[in-house]
file data-v8.tsv (TSV, C-alpha atoms and all ligand atoms)
chain	number	residue	atom	x	y	z
A	78	MET	CA	0.00	0.00	0.00
A	79	ILE	CA	1.23	3.42	-0.75
A	80	TRP	CA	1.32	4.54	2.84
A	81	GLY	CA	2.77	1.35	4.17
A	82	ARG	CA	6.19	1.77	5.64
A	83	LYS	CA	8.22	-1.37	5.45
A	84	ALA	CA	11.70	-1.58	6.80
A	85	SER	CA	13.12	-2.44	3.42
A	86	ARG	CA	12.14	1.00	2.24
A	87	ALA	CA	13.34	2.78	5.30
A	88	ALA	CA	16.94	2.10	4.46
A	89	ALA	CA	16.54	4.21	1.39
A	90	GLY	CA	16.21	7.24	3.60
A	91	LEU	CA	12.80	8.31	2.52
A	92	GLY	CA	12.32	10.81	5.29
A	93	LEU	CA	9.20	9.12	6.43
A	94	LEU	CA	6.77	10.77	8.71
A	95	VAL	CA	6.49	9.47	12.20
A	96	ILE	CA	3.00	10.13	13.31
A	97	CYS	CA	1.58	7.78	15.83
A	98	SER	CA	3.38	8.44	19.05
A	99	ALA	CA	2.99	7.18	22.54
A	100	GLY	CA	6.34	6.15	23.85
A	101	GLY	CA	7.77	9.60	23.73
A	102	THR	CA	11.08	8.43	22.34
A	103	ALA	CA	10.89	8.45	18.61
A	104	SER	CA	7.89	10.44	17.66
A	105	GLY	CA	8.86	14.06	17.43
A	106	SER	CA	6.08	16.45	16.79
A	107	ASP	CA	3.33	15.70	14.39
A	108	PRO	CA	3.58	17.64	11.17
A	109	ALA	CA	1.33	20.63	11.20
A	110	LEU	CA	0.22	20.84	7.64
A	111	PRO	CA	-1.86	23.76	6.48
A	112	SER	CA	-5.58	23.42	6.55
A	113	PRO	CA	-7.08	22.41	3.25
A	114	PRO	CA	-9.35	24.82	1.48
A	115	VAL	CA	-12.93	24.37	2.50
A	116	VAL	CA	-14.71	22.54	-0.23
A	117	SER	CA	-18.11	23.65	-1.34
A	118	PRO	CA	-20.59	22.82	1.34
A	119	ALA	CA	-22.83	19.89	0.83
A	120	ALA	CA	-26.49	20.51	0.17
A	121	GLY	CA	-27.32	18.88	3.43
A	122	LEU	CA	-25.75	17.04	6.27
A	123	PRO	CA	-25.33	13.34	5.93
A	124	SER	CA	-28.15	11.38	7.35
A	125	PRO	CA	-27.50	9.93	10.75
A	126	ALA	CA	-26.15	6.48	11.02
A	127	ALA	CA	-28.71	4.10	9.68
A	128	PRO	CA	-29.64	0.96	11.53
A	129	SER	CA	-27.48	-1.83	10.33
A	130	ALA	CA	-27.25	-5.54	10.43
A	131	SER	CA	-23.58	-5.17	11.14
A	132	PRO	CA	-23.00	-3.77	14.58
A	133	GLY	CA	-19.76	-1.96	15.13
A	134	GLY	CA	-18.59	-4.49	17.62
A	135	LEU	CA	-17.08	-7.73	16.53
A	136	THR	CA	-18.11	-9.86	19.39
A	137	ALA	CA	-17.61	-13.35	18.07
A	138	SER	CA	-13.93	-13.42	17.53
A	139	SER	CA	-12.02	-14.50	20.57
A	140	PRO	CA	-9.27	-16.65	19.14
A	141	GLY	CA	-9.18	-19.94	20.92
A	142	ASP	CA	-7.12	-20.05	24.01
A	143	LEU	CA	-6.75	-16.31	24.15
A	144	ALA	CA	-10.36	-16.01	25.10
A	145	THR	CA	-11.41	-15.49	28.63
A	146	PRO	CA	-14.81	-14.64	29.94
A	147	PRO	CA	-15.54	-10.95	29.59
A	148	ALA	CA	-14.44	-8.97	32.55
A	149	PRO	CA	-17.24	-7.10	34.19
A	150	ALA	CA	-17.56	-3.64	32.82
A	151	THR	CA	-17.45	-0.73	35.12
A	152	PRO	CA	-21.05	0.18	35.74
A	153	GLY	CA	-21.96	3.36	33.94
A	154	PRO	CA	-24.40	5.95	35.12
A	155	SER	CA	-27.69	4.19	34.63
A	156	ALA	CA	-29.57	7.40	33.95
A	157	GLU	CA	-27.79	7.99	30.67
A	158	PRO	CA	-29.38	6.86	27.45
A	159	VAL	CA	-27.73	3.81	26.01
A	160	THR	CA	-27.66	3.07	22.33
A	161	ALA	CA	-27.38	-0.33	20.73
A	162	GLY	CA	-23.95	0.60	19.47
A	163	PRO	CA	-22.38	3.09	17.13
A	164	VAL	CA	-22.90	1.29	13.90
A	165	GLY	CA	-22.20	3.94	11.25
A	166	ALA	CA	-22.83	3.55	7.56
A	167	SER	CA	-22.76	0.03	6.18
A	168	PRO	CA	-21.60	-0.83	2.68
A	169	ARG	CA	-24.10	-1.09	-0.12
A	170	PRO	CA	-24.04	-4.10	-2.43
A	171	GLY	CA	-21.23	-3.81	-4.93
A	172	GLU	CA	-19.91	-0.61	-3.41
A	173	VAL	CA	-16.61	-1.87	-2.04
A	174	GLY	CA	-13.60	-3.08	-3.99
A	175	ARG	CA	-11.51	-6.01	-2.89
A	176	VAL	CA	-8.64	-5.82	-0.45
A	177	ARG	CA	-6.06	-8.56	-0.75
A	178	ALA	CA	-2.73	-9.44	0.76
A	179	ARG	CA	0.04	-8.70	-1.70
A	180	ALA	CA	2.21	-11.51	-2.95
A	181	GLY	CA	4.41	-12.76	-0.16
A	182	GLU	CA	2.51	-10.91	2.54
A	183	ALA	CA	0.67	-12.92	5.15
A	184	VAL	CA	-2.24	-10.55	5.75
A	185	PRO	CA	-3.65	-7.55	3.89
A	186	VAL	CA	-2.28	-4.11	4.74
A	187	VAL	CA	-5.10	-1.60	4.53
A	188	SER	CA	-4.59	2.16	4.34
A	189	SER	CA	-8.00	3.07	2.96
A	190	ILE	CA	-11.21	1.35	1.94
A	191	PRO	CA	-11.73	1.02	-1.82
A	192	THR	CA	-15.06	2.78	-2.35
A	193	ALA	CA	-16.38	5.74	-4.30
A	194	ARG	CA	-18.92	6.60	-1.60
A	195	LYS	CA	-18.21	9.64	0.51
A	196	VAL	CA	-17.55	7.69	3.66
A	197	VAL	CA	-14.59	7.90	6.02
A	198	PHE	CA	-13.54	5.85	9.03
A	199	LEU	CA	-12.37	7.00	12.44
A	200	THR	CA	-9.68	5.16	14.38
A	201	ILE	CA	-8.24	6.19	17.74
A	202	ASP	CA	-4.91	4.96	19.05
A	203	ASP	CA	-2.90	4.35	22.20
A	204	GLY	CA	-5.05	5.24	25.21
A	205	TRP	CA	-3.26	7.59	27.56
A	206	GLU	CA	-5.98	10.13	28.07
A	207	GLN	CA	-9.27	8.65	29.26
A	208	ASP	CA	-11.78	11.46	29.33
A	209	PRO	CA	-15.25	10.25	30.33
A	210	GLY	CA	-16.67	13.06	28.23
A	211	PHE	CA	-15.45	11.30	25.12
A	212	VAL	CA	-17.37	8.13	25.98
A	213	ARG	CA	-20.51	10.21	26.45
A	214	LEU	CA	-19.94	11.83	23.08
A	215	VAL	CA	-19.54	8.46	21.35
A	216	ARG	CA	-22.73	7.28	23.02
A	217	GLU	CA	-24.81	10.36	22.39
A	218	ARG	CA	-23.84	10.84	18.77
A	219	ALA	CA	-23.58	7.12	18.01
A	220	VAL	CA	-20.18	7.62	16.42
A	221	PRO	CA	-18.57	4.58	14.81
A	222	ILE	CA	-14.95	4.33	15.93
A	223	THR	CA	-12.32	1.61	16.05
A	224	VAL	CA	-9.74	1.70	18.83
A	225	PHE	CA	-6.15	0.43	18.70
A	226	ALA	CA	-5.02	0.11	22.30
A	227	THR	CA	-1.43	0.09	23.55
A	228	ARG	CA	-1.09	-1.65	26.90
A	229	ASP	CA	1.42	0.78	28.37
A	230	ALA	CA	-0.72	3.73	27.37
A	231	VAL	CA	-3.94	2.28	28.72
A	232	GLU	CA	-2.26	1.34	31.98
A	233	ALA	CA	-0.25	4.60	32.11
A	234	ARG	CA	3.04	2.72	32.46
A	235	GLY	CA	6.47	4.04	31.71
A	236	VAL	CA	7.13	7.33	30.03
A	237	PRO	CA	3.94	9.32	29.59
A	238	ASP	CA	2.98	10.41	26.15
A	239	PRO	CA	4.21	13.98	25.76
A	240	GLY	CA	1.17	14.65	23.65
A	241	ALA	CA	-0.98	14.02	26.70
A	242	ALA	CA	0.89	16.49	28.89
A	243	GLY	CA	-1.51	18.47	30.97
A	244	GLY	CA	-4.24	15.93	30.51
A	245	ARG	CA	-6.63	15.44	33.37
A	246	TYR	CA	-7.44	11.79	32.75
A	247	VAL	CA	-4.15	10.03	31.99
A	248	GLY	CA	-4.69	6.40	32.93
A	249	ALA	CA	-7.81	7.36	34.83
A	250	GLY	CA	-9.97	4.40	33.90
A	251	LYS	CA	-7.34	1.99	32.67
A	252	TRP	CA	-9.04	-0.96	30.94
A	253	SER	CA	-12.46	-0.19	32.39
A	254	TYR	CA	-12.51	2.85	30.13
A	255	PHE	CA	-12.16	0.57	27.12
A	256	ARG	CA	-14.78	-1.81	28.46
A	257	GLU	CA	-17.16	1.14	28.47
A	258	LEU	CA	-16.35	1.76	24.82
A	259	ARG	CA	-16.73	-1.96	24.11
A	260	ASP	CA	-20.19	-1.81	25.61
A	261	LEU	CA	-21.05	0.83	23.01
A	262	GLY	CA	-20.05	-1.60	20.25
A	263	VAL	CA	-16.55	-0.20	19.72
A	264	PRO	CA	-14.01	-2.79	18.54
A	265	ILE	CA	-10.85	-2.69	20.68
A	266	GLU	CA	-7.93	-3.82	18.53
A	267	ALA	CA	-4.21	-4.48	19.06
A	268	HIS	CA	-1.43	-1.86	18.94
A	269	THR	CA	1.43	-3.60	20.85
A	270	LEU	CA	2.41	-3.64	24.51
A	271	THR	CA	5.04	-0.89	24.64
A	272	HIS	CA	4.66	0.97	21.33
A	273	PRO	CA	8.05	0.10	19.85
A	274	ASN	CA	9.29	0.73	16.35
A	275	LEU	CA	8.88	-2.78	14.91
A	276	TRP	CA	11.61	-2.14	12.34
A	277	ASN	CA	14.07	-2.60	15.20
A	278	LEU	CA	12.68	-5.87	16.54
A	279	GLY	CA	13.29	-9.45	15.52
A	280	SER	CA	10.69	-12.11	15.16
A	281	ALA	CA	10.57	-13.17	18.82
A	282	ALA	CA	10.29	-9.62	20.11
A	283	GLN	CA	7.63	-8.76	17.56
A	284	ARG	CA	5.70	-11.83	18.61
A	285	GLU	CA	5.85	-10.75	22.21
A	286	GLU	CA	4.58	-7.27	21.36
A	287	ILE	CA	1.88	-8.29	18.92
A	288	CYS	CA	0.60	-11.56	20.37
A	289	GLY	CA	1.08	-10.15	23.86
A	290	SER	CA	-1.12	-7.18	23.15
A	291	ALA	CA	-3.77	-9.38	21.56
A	292	LYS	CA	-3.82	-11.49	24.72
A	293	VAL	CA	-4.05	-8.48	26.99
A	294	VAL	CA	-6.95	-7.03	25.04
A	295	ALA	CA	-8.73	-10.40	25.02
A	296	ARG	CA	-8.25	-10.75	28.76
A	297	GLU	CA	-9.22	-7.21	29.67
A	298	VAL	CA	-11.94	-6.51	27.14
A	299	GLY	CA	-13.32	-10.00	26.70
A	300	ARG	CA	-12.92	-10.11	22.94
A	301	GLY	CA	-9.81	-11.05	21.00
A	302	PRO	CA	-8.63	-8.39	18.53
A	303	VAL	CA	-8.81	-9.15	14.82
A	304	LEU	CA	-6.88	-6.12	13.54
A	305	PHE	CA	-3.37	-4.83	14.22
A	306	ARG	CA	-1.91	-1.38	13.83
A	307	PRO	CA	1.88	-1.10	14.01
A	308	PRO	CA	3.20	1.89	15.97
A	309	PHE	CA	4.25	4.72	13.66
A	310	GLY	CA	2.87	2.65	10.78
A	311	ASN	CA	6.19	0.79	10.64
A	312	TYR	CA	6.07	-2.88	9.85
A	313	THR	CA	8.06	-5.66	8.20
A	314	GLY	CA	7.20	-8.92	6.50
A	315	THR	CA	7.79	-10.54	9.87
A	316	THR	CA	5.16	-8.26	11.38
A	317	LEU	CA	2.58	-9.57	8.95
A	318	ARG	CA	3.49	-13.20	9.57
A	319	VAL	CA	3.40	-12.74	13.32
A	320	ALA	CA	0.11	-10.88	13.16
A	321	LYS	CA	-1.43	-13.74	11.23
A	322	ALA	CA	-0.06	-16.30	13.65
A	323	CYS	CA	-1.63	-14.33	16.52
A	324	GLY	CA	-5.06	-14.54	14.89
A	325	LEU	CA	-5.08	-11.04	13.47
A	326	ARG	CA	-6.63	-10.72	10.05
A	327	ALA	CA	-5.29	-7.42	8.68
A	328	VAL	CA	-2.88	-4.60	9.40
A	329	LEU	CA	-4.60	-1.23	9.46
A	330	LEU	CA	-2.79	1.95	8.53
A	331	TRP	CA	-4.34	5.34	7.73
A	332	THR	CA	-4.52	8.10	5.16
A	333	ALA	CA	-4.82	11.18	7.38
A	334	THR	CA	-4.19	12.18	10.97
A	335	VAL	CA	-6.24	14.48	13.13
A	336	GLN	CA	-4.26	17.00	15.15
A	337	PRO	CA	-5.20	18.88	18.29
A	338	GLY	CA	-7.99	21.27	17.49
A	339	GLY	CA	-9.52	18.89	14.97
A	340	LYS	CA	-7.18	19.90	12.17
A	341	ILE	CA	-6.74	17.17	9.56
A	342	SER	CA	-3.24	16.46	8.25
A	343	TYR	CA	-3.53	14.67	4.94
A	344	GLN	CA	-1.09	12.34	3.29
A	345	ALA	CA	-2.77	12.78	-0.08
A	346	PRO	CA	-1.17	15.54	-2.13
A	347	ASP	CA	-4.42	17.41	-2.71
A	348	LYS	CA	-5.00	17.81	1.03
A	349	ARG	CA	-8.63	16.77	0.91
A	350	LEU	CA	-10.75	14.00	2.29
A	351	HIS	CA	-11.30	11.14	-0.09
A	352	PRO	CA	-13.88	8.35	-0.11
A	353	GLY	CA	-12.65	5.48	2.02
A	354	ASP	CA	-10.11	7.50	3.99
A	355	ILE	CA	-9.07	6.10	7.36
A	356	LEU	CA	-8.42	8.87	9.88
A	357	LEU	CA	-6.09	8.46	12.85
A	358	LEU	CA	-6.66	10.20	16.17
A	359	HIS	CA	-5.15	9.67	19.61
A	360	PHE	CA	-6.60	9.49	23.09
A	361	ARG	CA	-5.18	12.83	24.12
A	362	ALA	CA	-6.25	15.79	26.16
A	363	HIS	CA	-9.25	17.62	24.74
A	364	LEU	CA	-10.20	14.69	22.52
A	365	ALA	CA	-13.92	15.23	23.12
A	366	ARG	CA	-13.67	18.90	22.11
A	367	ASP	CA	-11.50	18.16	19.10
A	368	PHE	CA	-13.73	15.28	18.10
A	369	ARG	CA	-16.78	17.55	17.89
A	370	VAL	CA	-14.87	19.89	15.61
A	371	LEU	CA	-13.83	16.97	13.45
A	372	LEU	CA	-17.33	15.49	13.20
A	373	ASP	CA	-18.76	18.83	12.14
A	374	LYS	CA	-16.00	19.25	9.57
A	375	ILE	CA	-16.63	15.81	8.10
A	376	GLU	CA	-20.36	16.45	7.89
A	377	ARG	CA	-19.90	19.84	6.27
A	378	ARG	CA	-17.83	18.19	3.56
A	379	GLY	CA	-20.64	15.78	2.85
A	380	PHE	CA	-19.02	12.63	4.21
A	381	GLU	CA	-20.60	9.92	6.29
A	382	LEU	CA	-18.89	7.88	8.98
A	383	GLY	CA	-18.57	4.23	8.07
A	384	ASN	CA	-18.60	1.01	10.02
A	385	LEU	CA	-15.02	-0.15	9.52
A	386	PRO	CA	-15.50	-3.87	10.30
A	387	ALA	CA	-18.47	-4.07	7.95
A	388	TYR	CA	-16.52	-2.40	5.15
A	389	LEU	CA	-13.45	-4.57	5.72
A	390	ARG	CA	-15.59	-7.67	5.61
A	391	GLU	CA	-17.24	-6.49	2.39
A	392	ALA	CA	-13.77	-5.84	0.96
A	393	GLY	CA	-12.89	-9.47	1.52
A	394	VAL	CA	-10.86	-9.22	4.71
A	395	ARG	CA	-11.55	-12.41	6.56
A	396	LEU	CA	-13.00	-11.06	9.75
A	397	PRO	CA	-15.16	-13.29	11.86
A	398	ALA	CA	-18.82	-12.86	11.17
A	399	PRO	CA	-20.59	-10.55	13.53
A	400	SER	CA	-22.46	-12.35	16.22
A	401	SER	CA	-26.22	-12.41	16.25
A	402	GLY	CA	-26.24	-8.69	16.57
A	403	VAL	CA	-26.17	-6.91	19.84
A	404	ARG	CA	-24.18	-8.07	22.82
A	405	ALA	CA	-26.16	-9.85	25.44
A	406	ASP	CA	-25.43	-7.08	27.87
A	407	GLN	CA	-26.74	-4.40	25.55
A	408	PRO	CA	-30.36	-3.54	25.08
A	409	VAL	CA	-31.78	-4.08	21.65
A	410	GLY	CA	-32.53	-0.63	20.35
B	1	ZN	ZN	0.27	4.61	18.58

call {"tool": "encode", "arguments": {"input": "data-v8.tsv", "output": "structure tokens"}}
result
Amino acid sequence: MIWGRKASRAAAGLGLLVICSAGGTASGSDPALPSPPVVSPAAGLPSPAAPSASPGGLTASSPGDLATPPAPATPGPSAEPVTAGPVGASPRPGEVGRVRARAGEAVPVVSSIPTARKVVFLTIDDGWEQDPGFVRLVRERAVPITVFATRDAVEARGVPDPGAAGGRYVGAGKWSYFRELRDLGVPIEAHTLTHPNLWNLGSAAQREEICGSAKVVAREVGRGPVLFRPPFGNYTGTTLRVAKACGLRAVLLWTATVQPGGKISYQAPDKRLHPGDILLLHFRAHLARDFRVLLDKIERRGFELGNLPAYLREAGVRLPAPSSGVRADQPVG
């Protein structure tokens, strides 16, 4: 994929961007690219997420011995309205092109979803800042998101993410925060234990990071991950083989990052949103505020928010089928 960053290319000195930071060692500052010109406003806002047969949560996927019974979720305030899950837009028949692993690669590497529909996908990484206001926002606006959790970020171990400096909720909820998101239908996927640069790790160390994080998520969230995102977007052929061996079905990259303030930094040369774009955010201070800005921006540009698992499945990525619908602990809405 064009945005994939394999080690074999790194040696060529391509000056690659390092975007997804949590460890605080190799990230540097995110590039602050200029805002794109505002495109002509859409005639109307996208319709709200339609009911779907494909809930956002992939609840039937615990891989074998990684599975443990779901840990009890932290009870939420019972007075709040609860939705059946943030499902987002589902693919229409024939809408989505195929995604395949390239020759010699063990699993597909996905940077964007092949579709002409004005739909984009939101992914949120790491997990340092755990603002309860963000969970309320996801619930109230039924926003489809996919989370890639790093153990050390979720558990606030080691060196704090400099991007979260000044945050009020660093490590506040630990895994219970992600169980709350799970209960809203949010898939919690794997993003390593310690957020290393996988270019620097051999097979055994990569296995520890990747399989280890899948096990932690399965234990803490009660559902084994099916997707993997390499820190900084850096992976090798070994990464893909290890991911497959750990039960992960695809490696997910991204096409644009969302900076503090809701500003979108594009990798595409025209600096615009494109159908099928996968956006990367981080659990950082002021996420709820920035997220509102972002959602409004996406709507103004006439894009819908898509259900990533449903689109991946339609694209041919071999994700487990969704379970009978809504989790047993969720009301049917
Ligand atoms: Zn990360």

call {"tool": "atom_distance", "arguments": {"input": "data-v8.tsv", "atom1": "CA of Leu199 in chain A", "atom2": "CA of Gly393 in chain A"}}
result
19.8 Å

call {"tool": "residues_around", "arguments": {"input": "data-v8.tsv", "residues": "Ser290 in chain A", "least_positions_apart": "4", "cutoff": "10 Å", "atoms": "all atoms listed in the file", "output": "PyMOL selection string"}}
result
chain A and resi 226-229+266-271+284-286+294-296+301-302+305+323

call {"tool": "residues_around", "arguments": {"input": "data-v8.tsv", "residues": "range 204-208 of chain A", "least_positions_apart": "3", "cutoff": "9 Å", "atoms": "only C-alpha atoms", "output": "PyMOL selection string"}}
result
chain A and resi 99+201+211-212+224-233+237-238+241+244-251+254-255+359-365

call {"tool": "residues_around", "arguments": {"input": "data-v8.tsv", "residues": "range 318-322 of chain A", "least_positions_apart": "2", "cutoff": "10 Å", "atoms": "only C-alpha atoms", "output": "VMD selection string"}}
result
chain A and resid 181 to 185 267 280 to 281 283 to 288 291 303 to 307 313 to 316 324 to 328

call {"tool": "write_last_selection", "arguments": {"input": "data-v8.tsv", "atoms": "C-alpha atoms", "output": "short mmCIF file (atom, residue, chain, number, x, y, z; two decimals), keeping the file's coordinate frame"}}
result
data_model
loop_
_atom_site.label_atom_id
_atom_site.label_comp_id
_atom_site.auth_asym_id
_atom_site.auth_seq_id
_atom_site.Cartn_x
_atom_site.Cartn_y
_atom_site.Cartn_z
CA GLY A 181 4.41 -12.76 -0.16
CA GLU A 182 2.51 -10.91 2.54
CA ALA A 183 0.67 -12.92 5.15
CA VAL A 184 -2.24 -10.55 5.75
CA PRO A 185 -3.65 -7.55 3.89
CA ALA A 267 -4.21 -4.48 19.06
CA SER A 280 10.69 -12.11 15.16
CA ALA A 281 10.57 -13.17 18.82
CA GLN A 283 7.63 -8.76 17.56
CA ARG A 284 5.70 -11.83 18.61
CA GLU A 285 5.85 -10.75 22.21
CA GLU A 286 4.58 -7.27 21.36
CA ILE A 287 1.88 -8.29 18.92
CA CYS A 288 0.60 -11.56 20.37
CA ALA A 291 -3.77 -9.38 21.56
CA VAL A 303 -8.81 -9.15 14.82
CA LEU A 304 -6.88 -6.12 13.54
CA PHE A 305 -3.37 -4.83 14.22
CA ARG A 306 -1.91 -1.38 13.83
CA PRO A 307 1.88 -1.10 14.01
CA THR A 313 8.06 -5.66 8.20
CA GLY A 314 7.20 -8.92 6.50
CA THR A 315 7.79 -10.54 9.87
CA THR A 316 5.16 -8.26 11.38
CA GLY A 324 -5.06 -14.54 14.89
CA LEU A 325 -5.08 -11.04 13.47
CA ARG A 326 -6.63 -10.72 10.05
CA ALA A 327 -5.29 -7.42 8.68
CA VAL A 328 -2.88 -4.60 9.40
#

call {"tool": "closest_residue", "arguments": {"input": "data-v8.tsv", "among": "A:Leu317, A:Leu350, A:Leu330, A:Ile355", "to": "Gly379 in chain A", "atoms": "only C-alpha atoms"}}
result
A:Leu350

call {"tool": "closest_residue", "arguments": {"input": "data-v8.tsv", "among": "A:Leu371, A:Val215, A:Val196, A:Leu275", "to": "ligand ZN 1 (chain B)", "atoms": "only C-alpha atoms and all ligand atoms"}}
result
A:Leu275

call {"tool": "closest_residue", "arguments": {"input": "data-v8.tsv", "among": "A:Arg256, A:His272, A:Arg300, A:Arg175", "to": "ligand ZN 1 (chain B)", "atoms": "all atoms listed in the file"}}
result
A:His272

call {"tool": "atom_distance", "arguments": {"input": "data-v8.tsv", "atom1": "CA of Lys292 in chain A", "atom2": "CA of Ile265 in chain A"}}
result
12.0 Å

call {"tool": "atom_distance", "arguments": {"input": "data-v8.tsv", "atom1": "CA of Leu357 in chain A", "atom2": "CA of Pro397 in chain A"}}
result
23.6 Å
